file input.cif (mmCIF, C-alpha atoms)
data_upload
loop_
_atom_site.group_PDB
_atom_site.id
_atom_site.type_symbol
_atom_site.label_atom_id
_atom_site.label_comp_id
_atom_site.auth_asym_id
_atom_site.auth_seq_id
_atom_site.Cartn_x
_atom_site.Cartn_y
_atom_site.Cartn_z
ATOM 1 C CA MET A 1 112.098 112.456 87.262
ATOM 2 C CA PRO A 2 110.275 115.778 87.759
ATOM 3 C CA ASP A 3 112.190 118.765 89.037
ATOM 4 C CA LEU A 4 110.578 120.046 92.243
ATOM 5 C CA ASP A 5 113.037 122.904 92.752
ATOM 6 C CA PRO A 6 110.608 125.566 91.448
ATOM 7 C CA LEU A 7 108.099 124.486 94.119
ATOM 8 C CA VAL A 8 110.562 124.231 96.992
ATOM 9 C CA PRO A 9 113.704 126.134 95.946
ATOM 10 C CA ASP A 10 114.963 126.697 99.489
ATOM 11 C CA VAL A 11 114.048 126.593 103.161
ATOM 12 C CA PRO A 12 112.364 130.043 103.332
ATOM 13 C CA ALA A 13 110.233 129.239 100.278
ATOM 14 C CA LEU A 14 109.111 125.889 101.681
ATOM 15 C CA ARG A 15 108.391 127.430 105.083
ATOM 16 C CA SER A 16 106.299 130.103 103.372
ATOM 17 C CA ARG A 17 104.366 127.530 101.344
ATOM 18 C CA LEU A 18 103.755 125.361 104.411
ATOM 19 C CA ASP A 19 102.557 128.474 106.216
ATOM 20 C CA ALA A 20 100.186 129.194 103.319
ATOM 21 C CA VAL A 21 98.502 125.789 103.742
ATOM 22 C CA GLY A 22 98.158 126.319 107.488
ATOM 23 C CA TYR A 23 101.176 124.428 108.844
ATOM 24 C CA LEU A 24 103.583 126.410 110.997
ATOM 25 C CA ALA A 25 107.012 124.769 111.190
ATOM 26 C CA ASP A 26 110.400 125.829 112.481
ATOM 27 C CA ASP A 27 113.479 125.937 110.264
ATOM 28 C CA ALA A 28 114.782 122.575 111.474
ATOM 29 C CA LEU A 29 111.640 120.705 110.419
ATOM 30 C CA VAL A 30 111.377 122.645 107.145
ATOM 31 C CA THR A 31 114.986 121.760 106.344
ATOM 32 C CA ALA A 32 114.341 118.082 107.068
ATOM 33 C CA LEU A 33 111.301 118.042 104.769
ATOM 34 C CA LEU A 34 113.207 119.868 102.051
ATOM 35 C CA LEU A 35 115.977 117.275 102.205
ATOM 36 C CA ALA A 36 113.433 114.455 101.972
ATOM 37 C CA VAL A 37 112.055 116.000 98.779
ATOM 38 C CA ARG A 38 115.430 116.851 97.237
ATOM 39 C CA MET A 39 117.221 113.616 98.149
ATOM 40 C CA ARG A 40 114.194 111.359 97.588
ATOM 41 C CA GLN A 41 115.060 109.674 100.848
ATOM 42 C CA PRO A 42 112.385 108.582 103.349
ATOM 43 C CA ILE A 43 112.120 110.726 106.443
ATOM 44 C CA LEU A 44 111.213 109.418 109.885
ATOM 45 C CA LEU A 45 109.375 111.931 112.042
ATOM 46 C CA GLU A 46 109.269 110.983 115.711
ATOM 47 C CA GLY A 47 107.635 112.777 118.594
ATOM 48 C CA GLU A 48 104.910 112.582 121.186
ATOM 49 C CA PRO A 49 101.331 112.104 119.948
ATOM 50 C CA GLY A 50 99.714 115.335 118.858
ATOM 51 C CA VAL A 51 102.794 117.348 117.895
ATOM 52 C CA GLY A 52 101.908 117.506 114.191
ATOM 53 C CA LYS A 53 103.768 114.613 112.541
ATOM 54 C CA THR A 54 100.857 113.483 110.377
ATOM 55 C CA GLU A 55 99.931 117.063 109.567
ATOM 56 C CA ALA A 56 103.469 117.674 108.323
ATOM 57 C CA ALA A 57 102.962 115.013 105.641
ATOM 58 C CA ARG A 58 99.535 116.390 104.735
ATOM 59 C CA ALA A 59 100.932 119.889 104.419
ATOM 60 C CA LEU A 60 103.867 118.707 102.302
ATOM 61 C CA ALA A 61 101.478 116.970 99.895
ATOM 62 C CA ALA A 62 99.447 120.172 99.651
ATOM 63 C CA VAL A 63 102.574 122.216 98.917
ATOM 64 C CA LEU A 64 103.671 119.784 96.205
ATOM 65 C CA ASP A 65 100.095 119.663 94.854
ATOM 66 C CA THR A 66 100.237 115.884 94.784
ATOM 67 C CA PRO A 67 98.172 113.058 96.327
ATOM 68 C CA LEU A 68 98.715 112.032 99.927
ATOM 69 C CA ILE A 69 98.580 108.243 100.194
ATOM 70 C CA ARG A 70 98.290 107.167 103.820
ATOM 71 C CA LEU A 71 98.965 103.788 105.366
ATOM 72 C CA GLN A 72 97.803 103.609 108.976
ATOM 73 C CA CYS A 73 99.870 100.982 110.771
ATOM 74 C CA TYR A 74 98.547 98.714 113.495
ATOM 75 C CA GLU A 75 99.584 95.566 115.328
ATOM 76 C CA GLY A 76 99.344 92.556 113.033
ATOM 77 C CA LEU A 77 99.440 94.566 109.797
ATOM 78 C CA SER A 78 100.700 92.295 107.014
ATOM 79 C CA SER A 79 102.472 93.168 103.802
ATOM 80 C CA ALA A 80 99.524 91.799 101.812
ATOM 81 C CA GLU A 81 97.078 94.126 103.573
ATOM 82 C CA ALA A 82 99.334 97.102 102.891
ATOM 83 C CA LEU A 83 100.093 96.197 99.261
ATOM 84 C CA TYR A 84 97.084 94.850 97.400
ATOM 85 C CA GLU A 85 94.261 92.361 97.303
ATOM 86 C CA TRP A 86 92.388 90.637 94.545
ATOM 87 C CA ASN A 87 88.798 91.523 93.740
ATOM 88 C CA TYR A 88 87.430 88.100 94.612
ATOM 89 C CA PRO A 89 83.718 88.926 94.075
ATOM 90 C CA ARG A 90 84.484 90.182 90.582
ATOM 91 C CA GLN A 91 86.640 87.132 89.854
ATOM 92 C CA LEU A 92 83.838 84.839 91.028
ATOM 93 C CA LEU A 93 81.369 86.682 88.823
ATOM 94 C CA ALA A 94 83.696 86.258 85.839
ATOM 95 C CA ILE A 95 83.930 82.527 86.537
ATOM 96 C CA ARG A 96 80.156 82.153 86.690
ATOM 97 C CA LEU A 97 79.657 84.135 83.498
ATOM 98 C CA ALA A 98 82.199 81.971 81.749
ATOM 99 C CA GLU A 99 80.509 78.796 83.007
ATOM 100 C CA SER A 100 77.138 80.050 81.738
ATOM 101 C CA ARG A 101 78.687 80.370 78.275
ATOM 102 C CA GLY A 102 80.306 76.969 78.484
ATOM 103 C CA GLU A 103 83.778 78.461 78.721
ATOM 104 C CA SER A 104 86.602 77.979 81.192
ATOM 105 C CA LEU A 105 88.983 80.535 82.577
ATOM 106 C CA ARG A 106 92.670 80.106 83.303
ATOM 107 C CA ASP A 107 94.412 81.632 86.282
ATOM 108 C CA ALA A 108 96.076 84.064 83.889
ATOM 109 C CA ASP A 109 92.608 85.316 82.902
ATOM 110 C CA LEU A 110 91.625 86.022 86.499
ATOM 111 C CA PHE A 111 94.827 87.429 87.971
ATOM 112 C CA THR A 112 95.261 90.508 85.831
ATOM 113 C CA GLU A 113 95.450 94.238 86.484
ATOM 114 C CA ASP A 114 91.670 94.423 85.958
ATOM 115 C CA TYR A 115 91.086 92.432 89.146
ATOM 116 C CA LEU A 116 93.803 94.053 91.253
ATOM 117 C CA LEU A 117 92.828 96.345 94.135
ATOM 118 C CA PRO A 118 95.860 98.429 95.168
ATOM 119 C CA ARG A 119 96.372 99.239 98.832
ATOM 120 C CA PRO A 120 98.448 102.252 99.916
ATOM 121 C CA LEU A 121 101.951 100.911 99.258
ATOM 122 C CA LEU A 122 101.179 99.643 95.766
ATOM 123 C CA ALA A 123 99.162 102.777 95.017
ATOM 124 C CA ALA A 124 102.220 104.894 95.846
ATOM 125 C CA ILE A 125 104.438 102.724 93.635
ATOM 126 C CA ARG A 126 101.952 102.895 90.757
ATOM 127 C CA HIS A 127 101.376 106.650 90.987
ATOM 128 C CA PRO A 128 101.980 107.895 87.432
ATOM 129 C CA GLY A 129 103.252 111.347 88.302
ATOM 130 C CA PRO A 130 104.388 113.719 86.995
ATOM 131 C CA ARG A 131 105.024 114.740 90.606
ATOM 132 C CA PRO A 132 105.721 112.082 93.232
ATOM 133 C CA ALA A 133 102.959 111.149 95.607
ATOM 134 C CA VAL A 134 103.567 111.679 99.313
ATOM 135 C CA LEU A 135 103.412 108.272 100.999
ATOM 136 C CA LEU A 136 102.590 108.583 104.697
ATOM 137 C CA VAL A 137 103.352 105.463 106.733
ATOM 138 C CA ASP A 138 101.669 106.562 109.939
ATOM 139 C CA GLU A 139 102.646 105.199 113.361
ATOM 140 C CA VAL A 140 105.075 102.645 111.985
ATOM 141 C CA ASP A 141 106.041 101.781 115.562
ATOM 142 C CA ARG A 142 102.655 100.058 115.959
ATOM 143 C CA ALA A 143 103.450 97.519 113.246
ATOM 144 C CA ASP A 144 105.324 94.271 113.851
ATOM 145 C CA ASP A 145 108.992 93.572 113.194
ATOM 146 C CA GLU A 146 108.133 91.490 110.116
ATOM 147 C CA PHE A 147 106.291 94.364 108.491
ATOM 148 C CA GLU A 148 109.113 96.740 109.347
ATOM 149 C CA ALA A 149 111.581 94.447 107.526
ATOM 150 C CA PHE A 150 109.291 94.270 104.500
ATOM 151 C CA LEU A 151 108.918 98.048 104.472
ATOM 152 C CA LEU A 152 112.695 98.470 104.556
ATOM 153 C CA GLU A 153 113.037 96.380 101.398
ATOM 154 C CA LEU A 154 110.259 98.256 99.611
ATOM 155 C CA LEU A 155 111.743 101.657 100.458
ATOM 156 C CA ALA A 156 115.181 100.577 99.273
ATOM 157 C CA ASP A 157 114.016 99.550 95.785
ATOM 158 C CA ALA A 158 110.767 101.508 95.298
ATOM 159 C CA ALA A 159 109.446 98.257 93.863
ATOM 160 C CA VAL A 160 107.160 95.377 94.828
ATOM 161 C CA THR A 161 106.685 91.905 93.415
ATOM 162 C CA ILE A 162 103.208 90.532 92.740
ATOM 163 C CA PRO A 163 103.598 86.781 92.172
ATOM 164 C CA GLU A 164 100.919 86.625 89.485
ATOM 165 C CA LEU A 165 102.055 89.751 87.629
ATOM 166 C CA GLY A 166 105.762 90.211 88.329
ATOM 167 C CA THR A 167 107.714 93.146 89.711
ATOM 168 C CA ARG A 168 106.291 96.644 89.651
ATOM 169 C CA THR A 169 108.836 99.461 89.940
ATOM 170 C CA ALA A 170 107.902 103.063 90.613
ATOM 171 C CA VAL A 171 108.238 105.353 87.618
ATOM 172 C CA VAL A 172 108.134 108.313 90.013
ATOM 173 C CA PRO A 173 109.228 107.130 93.480
ATOM 174 C CA PRO A 174 107.122 108.652 96.252
ATOM 175 C CA VAL A 175 108.266 111.125 98.857
ATOM 176 C CA THR A 176 107.931 108.898 101.923
ATOM 177 C CA VAL A 177 107.173 110.160 105.427
ATOM 178 C CA LEU A 178 107.180 107.687 108.310
ATOM 179 C CA THR A 179 105.869 108.722 111.714
ATOM 180 C CA SER A 180 106.470 107.135 115.108
ATOM 181 C CA ASN A 181 105.218 107.843 118.619
ATOM 182 C CA ARG A 182 108.080 105.750 120.017
ATOM 183 C CA THR A 183 105.830 103.131 121.575
ATOM 184 C CA ARG A 184 108.733 100.822 120.710
ATOM 185 C CA ASP A 185 112.200 101.254 119.266
ATOM 186 C CA LEU A 186 112.507 100.844 115.514
ATOM 187 C CA HIS A 187 115.287 98.752 114.048
ATOM 188 C CA ASP A 188 118.555 100.500 113.260
ATOM 189 C CA ALA A 189 118.367 99.316 109.649
ATOM 190 C CA LEU A 190 115.154 101.244 109.060
ATOM 191 C CA LYS A 191 116.497 104.334 110.785
ATOM 192 C CA ARG A 192 119.680 104.229 108.701
ATOM 193 C CA ARG A 193 117.557 104.143 105.548
ATOM 194 C CA CYS A 194 115.752 107.326 106.578
ATOM 195 C CA LEU A 195 116.465 110.916 107.317
ATOM 196 C CA TYR A 196 115.422 111.650 110.891
ATOM 197 C CA HIS A 197 113.741 114.507 112.713
ATOM 198 C CA TRP A 198 112.340 114.733 116.222
ATOM 199 C CA ILE A 199 109.308 117.030 116.519
ATOM 200 C CA ASP A 200 109.039 118.457 120.012
ATOM 201 C CA TYR A 201 106.064 120.218 121.539
ATOM 202 C CA PRO A 202 105.968 123.782 120.187
ATOM 203 C CA ASP A 203 106.289 126.647 122.598
ATOM 204 C CA THR A 204 103.266 128.539 123.881
ATOM 205 C CA ALA A 205 103.466 131.321 121.302
ATOM 206 C CA ARG A 206 103.581 128.853 118.413
ATOM 207 C CA VAL A 207 100.670 126.850 119.829
ATOM 208 C CA ALA A 208 98.630 130.054 120.029
ATOM 209 C CA ALA A 209 99.511 130.866 116.415
ATOM 210 C CA ILE A 210 98.524 127.357 115.304
ATOM 211 C CA ILE A 211 95.194 127.655 117.101
ATOM 212 C CA ARG A 212 94.509 130.929 115.325
ATOM 213 C CA ARG A 213 95.171 129.207 112.000
ATOM 214 C CA ARG A 214 93.075 126.123 112.702
ATOM 215 C CA VAL A 215 90.264 127.877 114.599
ATOM 216 C CA PRO A 216 90.218 131.269 112.865
ATOM 217 C CA GLU A 217 86.950 132.230 114.594
ATOM 218 C CA SER A 218 88.634 132.157 117.984
ATOM 219 C CA ALA A 219 89.739 135.443 119.488
ATOM 220 C CA GLU A 220 93.425 136.090 120.045
ATOM 221 C CA TRP A 221 92.972 136.164 123.812
ATOM 222 C CA LEU A 222 91.303 132.745 123.687
ATOM 223 C CA ALA A 223 94.085 131.186 121.603
ATOM 224 C CA THR A 224 96.679 132.597 123.996
ATOM 225 C CA ARG A 225 94.944 131.323 127.109
ATOM 226 C CA VAL A 226 94.313 127.886 125.671
ATOM 227 C CA ALA A 227 97.983 127.648 124.690
ATOM 228 C CA ARG A 228 99.038 128.612 128.208
ATOM 229 C CA GLY A 229 96.612 126.136 129.747
ATOM 230 C CA VAL A 230 97.849 123.283 127.569
ATOM 231 C CA THR A 231 101.463 124.127 128.433
ATOM 232 C CA ARG A 232 100.601 124.016 132.127
ATOM 233 C CA LEU A 233 98.787 120.701 131.732
ATOM 234 C CA ARG A 234 101.752 119.261 129.901
ATOM 235 C CA SER A 235 104.015 120.163 132.823
ATOM 236 C CA ARG A 236 102.081 117.778 135.076
ATOM 237 C CA GLN A 237 104.172 114.638 135.350
ATOM 238 C CA GLU A 238 101.286 112.481 136.547
ATOM 239 C CA LEU A 239 99.219 112.710 133.349
ATOM 240 C CA THR A 240 98.807 109.498 131.358
ATOM 241 C CA LYS A 241 98.439 111.404 128.086
ATOM 242 C CA PRO A 242 99.739 114.996 128.093
ATOM 243 C CA PRO A 243 97.811 117.129 125.599
ATOM 244 C CA GLY A 244 99.379 117.969 122.266
ATOM 245 C CA VAL A 245 98.646 120.565 119.624
ATOM 246 C CA ALA A 246 95.632 118.625 118.357
ATOM 247 C CA GLU A 247 94.026 118.776 121.808
ATOM 248 C CA ALA A 248 94.772 122.492 122.069
ATOM 249 C CA ILE A 249 92.924 123.040 118.795
ATOM 250 C CA ASP A 250 89.989 120.928 120.015
ATOM 251 C CA TRP A 251 89.841 122.847 123.287
ATOM 252 C CA ALA A 252 89.758 126.208 121.553
ATOM 253 C CA GLY A 253 87.083 124.912 119.172
ATOM 254 C CA ALA A 254 84.948 123.682 122.068
ATOM 255 C CA LEU A 255 85.204 126.984 123.932
ATOM 256 C CA HIS A 256 84.322 128.930 120.795
ATOM 257 C CA ALA A 257 81.423 126.604 119.976
ATOM 258 C CA LEU A 258 79.937 127.281 123.413
ATOM 259 C CA GLY A 259 80.294 131.027 122.894
ATOM 260 C CA LEU A 260 82.284 131.459 126.087
ATOM 261 C CA ARG A 261 83.709 134.925 126.623
ATOM 262 C CA VAL A 262 86.070 133.987 129.421
ATOM 263 C CA LEU A 263 88.338 131.028 130.130
ATOM 264 C CA ASP A 264 87.947 130.512 133.857
ATOM 265 C CA ALA A 265 87.831 127.444 136.083
ATOM 266 C CA ASP A 266 84.156 126.766 135.280
ATOM 267 C CA ALA A 267 84.701 127.020 131.531
ATOM 268 C CA ALA A 268 87.729 124.756 131.784
ATOM 269 C CA ASP A 269 85.806 122.207 133.841
ATOM 270 C CA HIS A 270 82.947 122.059 131.312
ATOM 271 C CA THR A 271 85.290 121.546 128.350
ATOM 272 C CA LEU A 272 88.120 119.546 129.896
ATOM 273 C CA GLY A 273 87.080 116.454 127.934
ATOM 274 C CA ALA A 274 88.250 118.174 124.753
ATOM 275 C CA VAL A 275 91.845 118.307 125.986
ATOM 276 C CA LEU A 276 92.244 115.322 128.335
ATOM 277 C CA LYS A 277 91.247 111.862 127.151
ATOM 278 C CA TYR A 278 91.739 109.639 130.218
ATOM 279 C CA ALA A 279 89.411 109.487 133.235
ATOM 280 C CA GLU A 280 92.409 109.335 135.571
ATOM 281 C CA ASP A 281 93.814 112.524 134.052
ATOM 282 C CA LEU A 282 90.492 114.336 134.392
ATOM 283 C CA GLN A 283 90.217 113.310 138.024
ATOM 284 C CA SER A 284 93.806 114.272 138.790
ATOM 285 C CA VAL A 285 93.486 117.748 137.284
ATOM 286 C CA ARG A 286 90.151 118.422 138.948
ATOM 287 C CA ARG A 287 91.484 117.320 142.328
ATOM 288 C CA ALA A 288 94.430 119.696 141.955
ATOM 289 C CA GLY A 289 92.124 122.557 140.988
ATOM 290 C CA LEU A 290 91.560 124.260 137.640
ATOM 291 C CA ALA A 291 92.218 127.868 138.602
ATOM 292 C CA GLU A 292 95.962 127.585 138.016
ATOM 293 C CA LEU A 293 95.379 126.405 134.421
ATOM 294 C CA VAL A 294 93.540 129.498 133.251
ATOM 295 C CA ASP A 295 93.645 133.267 133.200
ATOM 296 C CA ALA A 296 90.184 134.457 134.061
ATOM 297 C CA GLU A 297 90.349 137.982 132.686
ATOM 298 C CA PRO A 298 88.085 138.151 129.578
ATOM 299 C CA GLY A 299 88.969 139.677 126.258
ATOM 300 C CA SER A 300 92.564 140.596 127.126
ATOM 301 C CA ASP A 301 95.990 139.246 126.302
ATOM 302 C CA ALA A 302 97.610 140.558 129.436
#

call {"tool": "encode", "arguments": {"input": "input.cif", "output": "structure tokens"}}
result
Amino acid sequence: MPDLDPLVPDVPALRSRLDAVGYLADDALVTALLLAVRMRQPILLEGEPGVGKTEAARALAAVLDTPLIRLQCYEGLSSAEALYEWNYPRQLLAIRLAESRGESLRDADLFTEDYLLPRPLLAAIRHPGPRPAVLLVDEVDRADDEFEAFLLELLADAAVTIPELGTRTAVVPPVTVLTSNRTRDLHDALKRRCLYHWIDYPDTARVAAIIRRRVPESAEWLATRVARGVTRLRSRQELTKPPGVAEAIDWAGALHALGLRVLDADAADHTLGAVLKYAEDLQSVRRAGLAELVDAEPGSDA
């Protein structure tokens, strides 16, 4: 098993490397990710949508210089859809070619590695290394209980069984990151299998710093004002979907794209669709007035 210590020797080094790939994380999150890498134990990242859970996995893969293999969960996702499927068109073509030559094919001729199409979970198990892939199981709370139980078994053994081919065990087990928006509670068994970290909304200063990283063309005053505006929006209890970091980045990008030199009520009104994604939320904020969300003074951080 490859030694990853030179890449992530300690918390400051990992924080610095995450920073270098554009992901700003506090020490608690960096420590949790470091433990996931060192202990080869899955980590469950929970938090509200838009706080950077998926980006944490992307950044970790970039730091480790290894593939990110993502499984997006959804209601009704089955183990077969997440594992593999057979290349039926190619199998059918092989059958027809054999028939044209007067030959017959056995099942063993058709169900081989040549006809296997790996999906994310099998791809992560089959990753040859030398460094482990980062397996991102995104929004696991959207999947059903049956899939959650299957996932628990796979994570425990780093192996899957394909009836036609037998058991496939990972040579280099992946670093596994699960994310959840807490749309439902996950089973205790899955949580016990994982390390756990809750990612909260970052404070205003960190949001401004993230905006500057992700929208480097934006002025410092703009990043600061957008961060303040998003913080104020998030304090509104009536919103269906409070904005996260992703929406803050989109808002700053929209303002910059329009070449606006001031973030006032008019500018906010024209670009509010970049930060709020429900009609009810847009109406609520506009009824309450936009002036309190923004600082109208241009080109200043005061």

call {"tool": "resolve_selection", "arguments": {"input": "input.cif", "expression": "the PyMOL selection byres ((chain A and resi 225) around 12)", "output": "PyMOL selection string"}}
result
chain A and resi 204-205+207-209+211-212+218-224+226-232+248-249+251-252+255+261-264+267-268+292-302

call {"tool": "closest_residue", "arguments": {"input": "input.cif", "among": "A:Gln91, A:Thr169, A:Gln41, A:Thr179", "to": "A:Arg192", "atoms": "all atoms listed in the file"}}
result
A:Gln41

call {"tool": "closest_residue", "arguments": {"input": "input.cif", "among": "A:Leu239, A:Ala13, A:Val21, A:Ala80", "to": "A:Glu280", "atoms": "all atoms listed in the file"}}
result
A:Leu239

call {"tool": "residues_near_point", "arguments": {"input": "input.cif", "point": "(87.9, 93.6, 88.1)", "cutoff": "10 Å", "atoms": "all atoms listed in the file", "output": "list in words"}}
result
Trp86, Asn87, Tyr88, Pro89, Arg90, Gln91, Leu93, Ala94, Leu110, Phe111, Thr112, Glu113, Asp114, Tyr115, Leu116 and Leu117 of chain A

call {"tool": "resolve_selection", "arguments": {"input": "input.cif", "expression": "the PyMOL selection byres ((chain A and resi 240) around 10)", "output": "PyMOL selection string"}}
result
chain A and resi 236-239+241-243+276-281

call {"tool": "closest_residue", "arguments": {"input": "input.cif", "among": "A:Gly76, A:Asn181, A:Ile95, A:Ser16", "to": "A:Asp109", "atoms": "all atoms listed in the file"}}
result
A:Ile95

call {"tool": "resolve_selection", "arguments": {"input": "input.cif", "expression": "the PyMOL selection byres ((chain A and resi 128-134) around 12)", "output": "ChimeraX atom specification"}}
result
/A:1-5,7,33,36-38,40-43,54,56-71,120-127,135-138,158,169-178

call {"tool": "atom_distance", "arguments": {"input": "input.cif", "atom1": "atom CA of A:Ala32", "atom2": "atom CA of A:His197"}}
result
6.7 Å

call {"tool": "atom_distance", "arguments": {"input": "input.cif", "atom1": "atom CA of A:Pro49", "atom2": "atom CA of A:Ala149"}}
result
23.9 Å

call {"tool": "axis_aligned_box", "arguments": {"input": "input.cif", "around": "stretch 289-295 of chain A", "padding_each_side": "3 Å", "output": "JSON"}}
result
{"center_x": 93.8, "center_y": 127.9, "center_z": 137.1, "size_x": 10.4, "size_y": 16.7, "size_z": 13.8}

call {"tool": "atom_distance", "arguments": {"input": "input.cif", "atom1": "atom CA of A:Leu165", "atom2": "atom CA of A:Ala82"}}
result
17.2 Å

call {"tool": "residues_around", "arguments": {"input": "input.cif", "residues": "A:Leu186", "least_positions_apart": "3", "cutoff": "9 Å", "atoms": "only C-alpha atoms", "output": "PyMOL selection string"}}
result
chain A and resi 140-141+145+148+180+182+189-191

call {"tool": "closest_residue", "arguments": {"input": "input.cif", "among": "A:Phe147, A:Arg106, A:His187, A:Tyr84", "to": "A:Ile162", "atoms": "only C-alpha atoms"}}
result
A:Tyr84
